[in-house]
$ cat input_0.txt   # compact mmCIF, C-alpha atoms (C1' of nucleotides)
# COMPACT_ATOMS: atom_id res chain seq x y z
CA MET A 1 -18.76 -2.60 32.52
CA ARG A 2 -15.89 -5.00 31.91
CA TYR A 3 -12.26 -4.19 32.31
CA ASP A 4 -10.79 -7.58 31.51
CA ILE A 5 -11.36 -7.90 27.81
CA THR A 6 -8.74 -9.96 26.01
CA ILE A 7 -7.33 -8.86 22.70
CA GLY A 8 -9.24 -11.66 20.97
CA GLU A 9 -12.55 -10.51 22.45
CA ALA A 10 -11.74 -6.92 21.57
CA ALA A 11 -11.08 -8.05 18.02
CA ARG A 12 -14.37 -9.94 17.80
CA ILE A 13 -16.36 -7.06 19.28
CA SER A 14 -14.71 -4.26 17.32
CA GLY A 15 -14.17 -6.08 14.07
CA VAL A 16 -10.51 -5.05 14.08
CA LYS A 17 -8.16 -7.99 13.71
CA VAL A 18 -5.82 -8.96 16.54
CA PRO A 19 -2.56 -8.11 14.75
CA THR A 20 -4.10 -4.82 13.63
CA ILE A 21 -4.95 -3.91 17.23
CA ARG A 22 -1.35 -4.57 18.23
CA TYR A 23 -0.23 -2.54 15.23
CA TYR A 24 -2.42 0.38 16.32
CA GLU A 25 -0.84 0.23 19.74
CA GLN A 26 2.59 0.21 18.16
CA ILE A 27 1.93 3.34 16.10
CA GLY A 28 0.33 5.06 19.07
CA LEU A 29 -3.24 5.12 17.81
CA LEU A 30 -4.42 3.03 20.74
CA PRO A 31 -2.91 3.43 24.23
CA ALA A 32 -0.90 0.50 25.58
CA PRO A 33 -3.31 -1.29 27.91
CA PRO A 34 -2.47 -2.82 31.30
CA ARG A 35 -1.32 -6.43 31.28
CA THR A 36 -2.18 -9.48 33.32
CA GLU A 37 0.44 -11.35 35.34
CA GLY A 38 0.85 -13.57 32.32
CA ASN A 39 1.67 -10.49 30.21
CA ARG A 40 -1.62 -10.39 28.30
CA ARG A 41 -3.27 -7.16 27.24
CA THR A 42 -6.49 -6.26 29.05
CA TYR A 43 -8.85 -3.81 27.45
CA ASP A 44 -11.85 -1.94 28.82
CA ASP A 45 -14.93 -0.32 27.33
CA SER A 46 -13.21 2.92 26.45
CA ASP A 47 -10.68 0.99 24.41
CA LEU A 48 -13.52 -0.70 22.57
CA ARG A 49 -15.09 2.67 21.81
CA ARG A 50 -11.77 3.98 20.55
CA LEU A 51 -11.32 0.90 18.38
CA ALA A 52 -14.81 1.31 16.94
CA PHE A 53 -14.03 4.95 16.22
CA ILE A 54 -10.81 4.03 14.45
CA ARG A 55 -12.41 1.25 12.49
CA HIS A 56 -15.25 3.38 11.29
CA ALA A 57 -12.96 6.21 10.32
CA ARG A 58 -10.75 3.76 8.40
CA GLU A 59 -13.81 2.34 6.64
CA LEU A 60 -14.63 5.90 5.66
CA GLY A 61 -11.19 6.10 4.13
CA PHE A 62 -9.58 8.46 6.64
CA GLU A 63 -5.84 8.11 6.85
CA VAL A 64 -4.21 7.28 10.15
CA SER A 65 -2.86 10.82 10.44
CA GLY A 66 -6.37 12.21 10.04
CA ILE A 67 -7.68 9.78 12.63
CA ARG A 68 -4.96 10.88 15.01
CA THR A 69 -6.21 14.45 14.66
CA LEU A 70 -9.82 13.41 15.15
CA LEU A 71 -8.94 11.36 18.23
CA ALA A 72 -7.04 14.29 19.73
CA LEU A 73 -10.02 16.54 19.10
CA GLN A 74 -12.41 14.01 20.55
CA SER A 75 -10.51 13.94 23.80
CA ASP A 76 -11.14 17.65 24.31
CA LEU A 77 -14.86 17.99 23.72
CA THR A 78 -14.98 21.58 24.89
CA GLN A 79 -13.02 22.77 21.87
CA SER A 80 -14.62 24.14 18.78
CA CYS A 81 -15.38 21.52 16.18
CA GLY A 82 -13.86 23.60 13.42
CA ALA A 83 -10.81 21.38 13.16
CA ALA A 84 -12.82 18.16 12.97
CA ASP A 85 -14.98 19.77 10.35
CA ALA A 86 -11.89 20.75 8.36
CA VAL A 87 -10.53 17.20 8.43
CA ALA A 88 -13.85 15.85 7.22
CA ARG A 89 -14.18 18.50 4.50
CA GLU A 90 -10.71 17.83 3.24
CA HIS A 91 -11.52 14.16 3.08
CA LEU A 92 -14.79 14.85 1.28
CA ALA A 93 -12.96 16.81 -1.41
CA GLU A 94 -10.54 13.91 -1.82
CA VAL A 95 -13.42 11.45 -2.12
CA GLU A 96 -15.15 13.61 -4.73
CA LYS A 97 -11.97 13.70 -6.79
CA ARG A 98 -11.67 9.93 -6.63
CA ILE A 99 -15.28 9.45 -7.67
CA ALA A 100 -14.83 11.77 -10.66
CA SER A 101 -11.73 9.98 -11.89
CA LEU A 102 -13.23 6.54 -11.33
CA THR A 103 -16.34 7.57 -13.25
CA ALA A 104 -14.21 8.69 -16.19
CA LEU A 105 -12.36 5.41 -15.97
CA LYS A 106 -15.58 3.42 -15.91
CA ALA A 107 -16.73 5.11 -19.11
CA GLU A 108 -13.44 4.33 -20.76
CA LEU A 109 -13.50 0.70 -19.70
CA GLU A 110 -17.05 0.37 -20.99
CA ARG A 111 -16.05 1.80 -24.34
CA MET A 112 -13.11 -0.59 -24.44
CA ILE A 113 -15.20 -3.63 -23.68
CA GLU A 114 -18.07 -2.60 -25.92
CA GLY A 115 -15.65 -2.03 -28.78
CA CYS A 116 -14.21 -5.51 -28.44
CA SER A 117 -15.41 -7.51 -31.39
CA HIS A 118 -14.92 -10.83 -29.61
CA GLY A 119 -12.89 -11.95 -32.57
CA ARG A 120 -9.14 -11.79 -33.11
CA LEU A 121 -7.09 -9.83 -30.64
CA ALA A 122 -5.67 -7.81 -33.50
CA GLU A 123 -8.94 -5.89 -33.60
CA CYS A 124 -9.49 -5.93 -29.86
CA LYS A 125 -10.17 -2.48 -28.53
CA VAL A 126 -9.02 -3.33 -25.04
CA ILE A 127 -5.44 -3.75 -26.16
CA GLU A 128 -5.67 -0.98 -28.71
CA VAL A 129 -6.93 1.63 -26.29
CA LEU A 130 -4.35 0.69 -23.71
CA ALA A 131 -1.60 0.77 -26.28
CA ASP A 132 -2.48 4.21 -27.55
CA HIS A 133 -3.29 6.83 -25.00
CA GLY A 134 -4.48 9.22 -27.73
CA LYS A 135 -7.42 6.94 -28.47
CA CYS A 136 -9.10 7.65 -25.16
CA GLU A 137 -10.51 10.58 -23.26
CA HIS A 138 -8.93 9.63 -19.99
CA ALA A 139 -8.17 12.75 -17.97
CA HIS A 140 -4.47 13.43 -17.83
CA HIS A 141 -3.89 13.78 -14.11
CA MET B 1 13.18 5.03 -35.69
CA ARG B 2 15.66 5.50 -32.88
CA TYR B 3 17.32 2.76 -30.97
CA ASP B 4 19.51 4.83 -28.70
CA ILE B 5 17.05 6.37 -26.32
CA THR B 6 18.43 7.01 -22.85
CA ILE B 7 16.42 6.23 -19.76
CA GLY B 8 15.95 9.93 -19.13
CA GLU B 9 14.53 10.49 -22.61
CA ALA B 10 12.32 7.44 -22.22
CA ALA B 11 11.05 8.91 -18.97
CA ARG B 12 10.31 12.28 -20.56
CA ILE B 13 8.57 10.74 -23.55
CA SER B 14 6.57 8.13 -21.67
CA GLY B 15 5.82 10.13 -18.55
CA VAL B 16 7.11 7.25 -16.41
CA LYS B 17 9.79 8.36 -13.97
CA VAL B 18 13.35 7.07 -14.29
CA PRO B 19 13.39 5.04 -11.05
CA THR B 20 10.00 3.61 -11.97
CA ILE B 21 11.32 2.44 -15.34
CA ARG B 22 14.19 0.68 -13.58
CA TYR B 23 11.68 -0.77 -11.13
CA TYR B 24 9.55 -2.10 -13.99
CA GLU B 25 12.64 -3.77 -15.41
CA GLN B 26 13.38 -5.26 -12.02
CA ILE B 27 9.93 -6.81 -11.67
CA GLY B 28 10.01 -8.06 -15.24
CA LEU B 29 7.35 -5.77 -16.67
CA LEU B 30 9.82 -4.23 -19.09
CA PRO B 31 12.58 -6.30 -20.72
CA ALA B 32 16.15 -5.49 -19.72
CA PRO B 33 17.43 -3.35 -22.60
CA PRO B 34 20.90 -3.52 -24.18
CA ARG B 35 23.56 -1.33 -22.63
CA THR B 36 26.16 1.03 -24.02
CA GLU B 37 29.85 0.51 -23.38
CA GLY B 38 29.44 2.81 -20.44
CA ASN B 39 26.74 0.50 -19.04
CA ARG B 40 23.79 2.74 -19.81
CA ARG B 41 20.41 1.41 -20.79
CA THR B 42 19.39 2.04 -24.40
CA TYR B 43 15.75 1.85 -25.31
CA ASP B 44 14.00 1.70 -28.66
CA ASP B 45 10.54 2.56 -29.94
CA SER B 46 8.99 -0.73 -28.92
CA ASP B 47 10.12 -0.09 -25.35
CA LEU B 48 8.47 3.32 -25.50
CA ARG B 49 5.24 1.75 -26.72
CA ARG B 50 5.39 -0.80 -23.94
CA LEU B 51 6.01 1.93 -21.38
CA ALA B 52 3.07 3.95 -22.71
CA PHE B 53 0.92 0.84 -22.50
CA ILE B 54 1.96 0.20 -18.91
CA ARG B 55 1.50 3.81 -17.91
CA HIS B 56 -1.93 4.05 -19.38
CA ALA B 57 -3.02 0.78 -17.81
CA ARG B 58 -1.71 1.96 -14.42
CA GLU B 59 -3.57 5.24 -14.82
CA LEU B 60 -6.66 3.18 -15.48
CA GLY B 61 -6.03 1.45 -12.17
CA PHE B 62 -4.95 -1.94 -13.49
CA GLU B 63 -2.69 -3.81 -11.13
CA VAL B 64 0.72 -4.92 -12.28
CA SER B 65 -0.43 -8.55 -12.41
CA GLY B 66 -3.30 -7.57 -14.71
CA ILE B 67 -0.91 -5.59 -16.89
CA ARG B 68 1.36 -8.61 -17.10
CA THR B 69 -1.56 -10.61 -18.48
CA LEU B 70 -2.48 -7.90 -20.94
CA LEU B 71 1.11 -7.59 -22.12
CA ALA B 72 1.34 -11.33 -22.65
CA LEU B 73 -1.87 -11.25 -24.66
CA GLN B 74 -0.69 -8.30 -26.67
CA SER B 75 2.40 -10.16 -27.77
CA ASP B 76 0.27 -12.86 -29.38
CA LEU B 77 -2.17 -10.88 -31.45
CA THR B 78 -3.54 -13.93 -33.23
CA GLN B 79 -5.18 -15.18 -30.05
CA SER B 80 -8.76 -14.54 -29.20
CA CYS B 81 -9.28 -11.38 -27.22
CA GLY B 82 -11.50 -13.18 -24.72
CA ALA B 83 -8.83 -13.12 -22.05
CA ALA B 84 -8.10 -9.41 -22.47
CA ASP B 85 -11.79 -8.77 -22.38
CA ALA B 86 -12.08 -10.77 -19.14
CA VAL B 87 -9.31 -8.78 -17.47
CA ALA B 88 -10.99 -5.52 -18.46
CA ARG B 89 -14.43 -6.71 -17.35
CA GLU B 90 -13.09 -7.84 -14.01
CA HIS B 91 -11.49 -4.48 -13.56
CA LEU B 92 -14.69 -2.70 -14.56
CA ALA B 93 -16.64 -4.59 -11.90
CA GLU B 94 -14.02 -3.59 -9.34
CA VAL B 95 -14.22 0.04 -10.41
CA GLU B 96 -18.01 0.02 -10.17
CA LYS B 97 -17.79 -1.37 -6.65
CA ARG B 98 -15.36 1.35 -5.65
CA ILE B 99 -17.58 4.07 -7.12
CA ALA B 100 -20.60 2.73 -5.25
CA SER B 101 -18.81 2.63 -1.91
CA LEU B 102 -17.23 6.03 -2.42
CA THR B 103 -20.62 7.49 -3.30
CA ALA B 104 -22.10 6.10 -0.09
CA LEU B 105 -19.14 7.51 1.77
CA LYS B 106 -19.59 10.91 0.16
CA ALA B 107 -23.21 11.02 1.31
CA GLU B 108 -22.16 10.12 4.82
CA LEU B 109 -19.44 12.73 4.93
CA GLU B 110 -21.87 15.35 3.66
CA ARG B 111 -24.37 14.45 6.36
CA MET B 112 -21.59 14.64 8.94
CA ILE B 113 -20.41 18.04 7.80
CA GLU B 114 -23.90 19.42 7.34
CA GLY B 115 -24.87 18.25 10.81
CA CYS B 116 -21.95 20.06 12.38
CA SER B 117 -23.33 22.96 14.32
CA HIS B 118 -20.05 24.87 14.19
CA GLY B 119 -20.37 25.27 17.90
CA ARG B 120 -18.93 23.10 20.66
CA LEU B 121 -17.37 19.81 19.69
CA ALA B 122 -19.67 18.05 22.14
CA GLU B 123 -22.45 18.45 19.60
CA CYS B 124 -20.29 17.95 16.56
CA LYS B 125 -21.73 15.32 14.27
CA VAL B 126 -18.37 14.51 12.72
CA ILE B 127 -17.06 13.08 15.93
CA GLU B 128 -20.39 11.63 16.93
CA VAL B 129 -20.94 9.74 13.72
CA LEU B 130 -17.41 8.39 13.76
CA ALA B 131 -17.74 7.37 17.38
CA ASP B 132 -20.95 5.45 16.87
CA HIS B 133 -21.20 3.29 13.83
CA GLY B 134 -24.90 2.75 14.46
CA LYS B 135 -25.60 6.39 13.67
CA CYS B 136 -24.77 6.02 10.03
CA GLU B 137 -25.89 4.07 7.02
CA HIS B 138 -22.44 3.13 5.91
CA ALA B 139 -22.56 -0.25 4.22
CA HIS B 140 -21.02 -2.95 6.36
CA HIS B 141 -18.65 -4.62 3.94
C1' DG C 1 39.68 20.97 -18.40
C1' DT C 2 36.32 21.22 -15.37
C1' DA C 3 31.64 21.70 -13.84
C1' DA C 4 27.08 20.16 -14.27
C1' DT C 5 24.21 16.74 -15.47
C1' DT C 6 22.87 12.18 -16.16
C1' DC C 7 23.45 7.74 -15.32
C1' DC C 8 24.67 3.45 -12.46
C1' DT C 9 23.82 0.15 -8.24
C1' DC C 10 22.31 -0.70 -3.82
C1' DT C 11 19.68 -0.08 0.16
C1' DA C 12 16.00 1.64 2.87
C1' DG C 13 11.63 3.86 3.46
C1' DC C 14 6.60 4.90 2.61
C1' DC C 15 1.44 3.15 4.19
C1' DG C 16 -1.47 0.05 6.53
C1' DC C 17 -1.44 -3.72 7.44
C1' DT C 18 -0.71 -9.27 7.14
C1' DA C 19 1.95 -13.41 7.74
C1' DT C 20 5.27 -16.26 9.78
C1' DA C 21 8.32 -18.25 13.34
C1' DG C 22 9.08 -19.67 17.75
C1' DG C 23 7.60 -19.49 22.18
C1' DA C 24 4.61 -19.09 26.67
C1' DG C 25 0.13 -19.18 29.02
C1' DC C 26 -4.23 -21.05 29.98
C1' DA C 27 -8.78 -23.76 30.02
C1' DA C 28 -10.93 -28.22 29.53
C1' DG C 29 -11.14 -33.09 29.32
C1' DC C 30 -9.24 -37.60 30.89
C1' DG D 1 -1.33 -34.57 36.83
C1' DC D 2 -1.07 -34.39 31.88
C1' DT D 3 -2.02 -33.62 27.50
C1' DT D 4 -4.47 -31.32 23.77
C1' DG D 5 -5.60 -27.29 21.69
C1' DC D 6 -6.48 -22.73 21.82
C1' DT D 7 -5.10 -18.04 22.61
C1' DC D 8 -1.65 -15.04 23.50
C1' DC D 9 3.25 -13.00 23.30
C1' DT D 10 7.45 -10.87 20.64
C1' DA D 11 10.03 -10.05 16.66
C1' DT D 12 10.80 -9.93 11.95
C1' DA D 13 9.71 -9.95 7.14
C1' DG D 14 6.63 -9.32 3.36
C1' DC D 15 2.88 -7.15 0.41
C1' DG D 16 2.20 -3.47 -3.68
C1' DG D 17 4.03 0.14 -6.19
C1' DC D 18 6.82 2.87 -5.99
C1' DT D 19 10.20 6.91 -4.05
C1' DA D 20 14.34 8.67 -1.91
C1' DG D 21 19.00 8.63 -0.74
C1' DA D 22 24.01 7.42 -0.78
C1' DG D 23 28.04 7.10 -3.27
C1' DG D 24 30.16 6.68 -7.45
C1' DA D 25 31.05 6.52 -12.77
C1' DA D 26 30.20 8.42 -17.29
C1' DT D 27 28.85 11.77 -20.31
C1' DT D 28 27.82 16.45 -21.97
C1' DA D 29 28.25 21.58 -22.08
C1' DC D 30 30.93 25.42 -21.83

$ encode --input "input_0.txt" --output "structure tokens"
Amino acid sequence: MRYDITIGEAARISGVKVPTIRYYEQIGLLPAPPRTEGNRRTYDDSDLRRLAFIRHARELGFEVSGIRTLLALQSDLTQSCGAADAVAREHLAEVEKRIASLTALKAELERMIEGCSHGRLAECKVIEVLADHGKCEHAHH
Amino acid sequence: MRYDITIGEAARISGVKVPTIRYYEQIGLLPAPPRTEGNRRTYDDSDLRRLAFIRHARELGFEVSGIRTLLALQSDLTQSCGAADAVAREHLAEVEKRIASLTALKAELERMIEGCSHGRLAECKVIEVLADHGKCEHAHH
DNA sequence: GTAATTCCTCTAGCCGCTATAGGAGCAAGC
DNA sequence: GCTTGCTCCTATAGCGGCTAGAGGAATTAC
């Protein structure tokens, strides 16, 4: 156990950049750690775990507000996990929506590129499709 | 042909909101239109086409810088379409990357939710997986 | 003639950082 | 001791792509 981890070490270990750690403290996602006499932040293992948690959740695309909820839940492990489950489910639905719209987009881009005759721009499908929304099957949000 | 379209009409026709149209003018994506005596913007059909082009490209996820390139290309239709093609291809690659990572994420979220025993949070996989990056197969960017 | 709507400009805010400026602290080599 | 170079500190501003609000002028509808 170490309780004298500098912000730089915490950044290297957690993979969260130094300014981002300070930012997380500022927005209350990470508790303000004790300081040395020289006013430097000192982190301990629990801070590293929290940072890892935050980083992973961010990588998974959770918003900060969702992470806040998850962190609050995590701190009371005796509670039912229904709320954590709900946050994750909500996020899953969001991810599925994004995948669907990106897949439609991919198809459209492929048609655009395929249709490009590699000749004069006047016949270029890329420009044409973008210029005329009616020419594509892109889902109208 | 109409050359006296108000910003509100342009917004209704193009589906781009009024403040967004003004914003596009501000960042130079849309030319500053002539004004009436009462200082109101007056648009014409070519502005509407440009707005539709921008809107569609944004819906397709193109960044403003990419749209700027496409608009510049569009204005010189005698050029080769190679550059437009390149912008679209680049964007396609980006979209494919996003789909891949979102699909991996979806799988992970599903495992998390499935693993949740709906009992005490202490055994909840959602929290557990988020707390320990090693427990998942999420691609390390 | 007046009330409602639309328009104008300007500024600030959103998210999740990232970058910069201008210092202070600290460890290592000479 | 002294300097070099690294890390750290705070504070502020910027990114993209808008969106929201204030406060006012012009136009339109009745």

$ interface_residues --input "input_0.txt" --of "chain A" --to "chain C" --cutoff "12 Å" --atoms "all atoms listed in the file" --output "PDB file with C-alpha atoms, in the coordinates of the input"
ATOM      1  CA  VAL A  16     -10.510  -5.050  14.080  1.00  0.00           C
ATOM      2  CA  LYS A  17      -8.160  -7.990  13.710  1.00  0.00           C
ATOM      3  CA  VAL A  18      -5.820  -8.960  16.540  1.00  0.00           C
ATOM      4  CA  PRO A  19      -2.560  -8.110  14.750  1.00  0.00           C
ATOM      5  CA  THR A  20      -4.100  -4.820  13.630  1.00  0.00           C
ATOM      6  CA  ILE A  21      -4.950  -3.910  17.230  1.00  0.00           C
ATOM      7  CA  ARG A  22      -1.350  -4.570  18.230  1.00  0.00           C
ATOM      8  CA  TYR A  23      -0.230  -2.540  15.230  1.00  0.00           C
ATOM      9  CA  TYR A  24      -2.420   0.380  16.320  1.00  0.00           C
ATOM     10  CA  ILE A  27       1.930   3.340  16.100  1.00  0.00           C
ATOM     11  CA  THR A  36      -2.180  -9.480  33.320  1.00  0.00           C
ATOM     12  CA  GLU A  37       0.440 -11.350  35.340  1.00  0.00           C
ATOM     13  CA  GLY A  38       0.850 -13.570  32.320  1.00  0.00           C
ATOM     14  CA  ASN A  39       1.670 -10.490  30.210  1.00  0.00           C
ATOM     15  CA  ARG A  40      -1.620 -10.390  28.300  1.00  0.00           C
ATOM     16  CA  ARG A  58     -10.750   3.760   8.400  1.00  0.00           C
ATOM     17  CA  GLY A  61     -11.190   6.100   4.130  1.00  0.00           C
ATOM     18  CA  PHE A  62      -9.580   8.460   6.640  1.00  0.00           C
ATOM     19  CA  GLU A  63      -5.840   8.110   6.850  1.00  0.00           C
ATOM     20  CA  VAL A  64      -4.210   7.280  10.150  1.00  0.00           C
ATOM     21  CA  SER A  65      -2.860  10.820  10.440  1.00  0.00           C
TER      22      SER A  65
END

$ closest_atom_pairs --input "input_0.txt" --of "chain D" --to "chain B" --cutoff "8 Å" --atoms "only C-alpha atoms (C1' of nucleotides)" --output "tab-separated table"
residue	atom	partner	partner_atom	distance
D:DC18	C1'	B:Thr20	CA	6.8
D:DT19	C1'	B:Pro19	CA	7.9
D:DA26	C1'	B:Gly38	CA	6.5

$ residues_near_point --input "input_0.txt" --point "(-8.8, 15.5, 7.8)" --cutoff "9 Å" --atoms "only C-alpha atoms (C1' of nucleotides)" --output "list of chain:residue names"
A:Phe62, A:Glu63, A:Ser65, A:Gly66, A:Ile67, A:Thr69, A:Leu70, A:Ala83, A:Ala84, A:Asp85, A:Ala86, A:Val87, A:Ala88, A:Arg89, A:Glu90, A:His91, A:Leu92

$ atom_distance --input "input_0.txt" --atom1 "CA of Ile7 (chain B)" --atom2 "C1' of DG24 (chain D)"
18.5 Å

$ atom_distance --input "input_0.txt" --atom1 "CA of Phe53 (chain B)" --atom2 "CA of Arg111 (chain A)"
17.1 Å

$ atom_distance --input "input_0.txt" --atom1 "CA of Thr42 (chain A)" --atom2 "CA of Tyr3 (chain A)"
6.9 Å

$ closest_residue --input "input_0.txt" --among "A:Ala72, A:Ser46, A:Thr6, A:His56" --to "chain B" --atoms "all atoms listed in the file"
A:His56

$ closest_residue --input "input_0.txt" --among "A:Lys97, A:Arg49, A:Arg41, A:Arg68" --to "chain B" --atoms "all atoms listed in the file"
A:Arg49

$ decode --input "input_0.txt" --residues "region 2-29 of chain D" --atoms "C-alpha atoms (C1' of nucleotides)" --output "CSV table (one decimal), in the first residue's frame"
chain,number,residue,atom,x,y,z
D,2,DC,C1',24.1,26.3,-7.4
D,3,DT,C1',22.2,25.3,-11.4
D,4,DT,C1',19.6,22.5,-14.6
D,5,DG,C1',15.6,20.3,-15.6
D,6,DC,C1',11.7,18.1,-14.3
D,7,DT,C1',7.3,18.1,-12.0
D,8,DC,C1',3.9,20.4,-9.8
D,9,DC,C1',0.7,24.5,-8.8
D,10,DT,C1',-3.2,28.0,-10.1
D,11,DA,C1',-5.9,30.4,-13.3
D,12,DT,C1',-7.7,31.3,-17.6
D,13,DA,C1',-8.9,30.5,-22.3
D,14,DG,C1',-9.8,27.6,-26.1
D,15,DC,C1',-11.7,23.5,-28.8
D,16,DG,C1',-16.2,22.0,-31.7
D,17,DG,C1',-20.7,22.8,-32.8
D,18,DC,C1',-23.9,24.6,-31.4
D,19,DT,C1',-27.9,26.6,-28.0
D,20,DA,C1',-29.9,29.9,-24.9
D,21,DG,C1',-30.7,34.3,-23.2
D,22,DA,C1',-31.0,39.4,-22.9
D,23,DG,C1',-32.5,43.5,-24.8
D,24,DG,C1',-34.0,45.8,-28.6
D,25,DA,C1',-35.8,47.0,-33.5
D,26,DA,C1',-38.7,45.8,-37.4
D,27,DT,C1',-42.4,43.7,-39.5
D,28,DT,C1',-46.9,41.4,-39.8
D,29,DA,C1',-51.7,40.3,-38.4
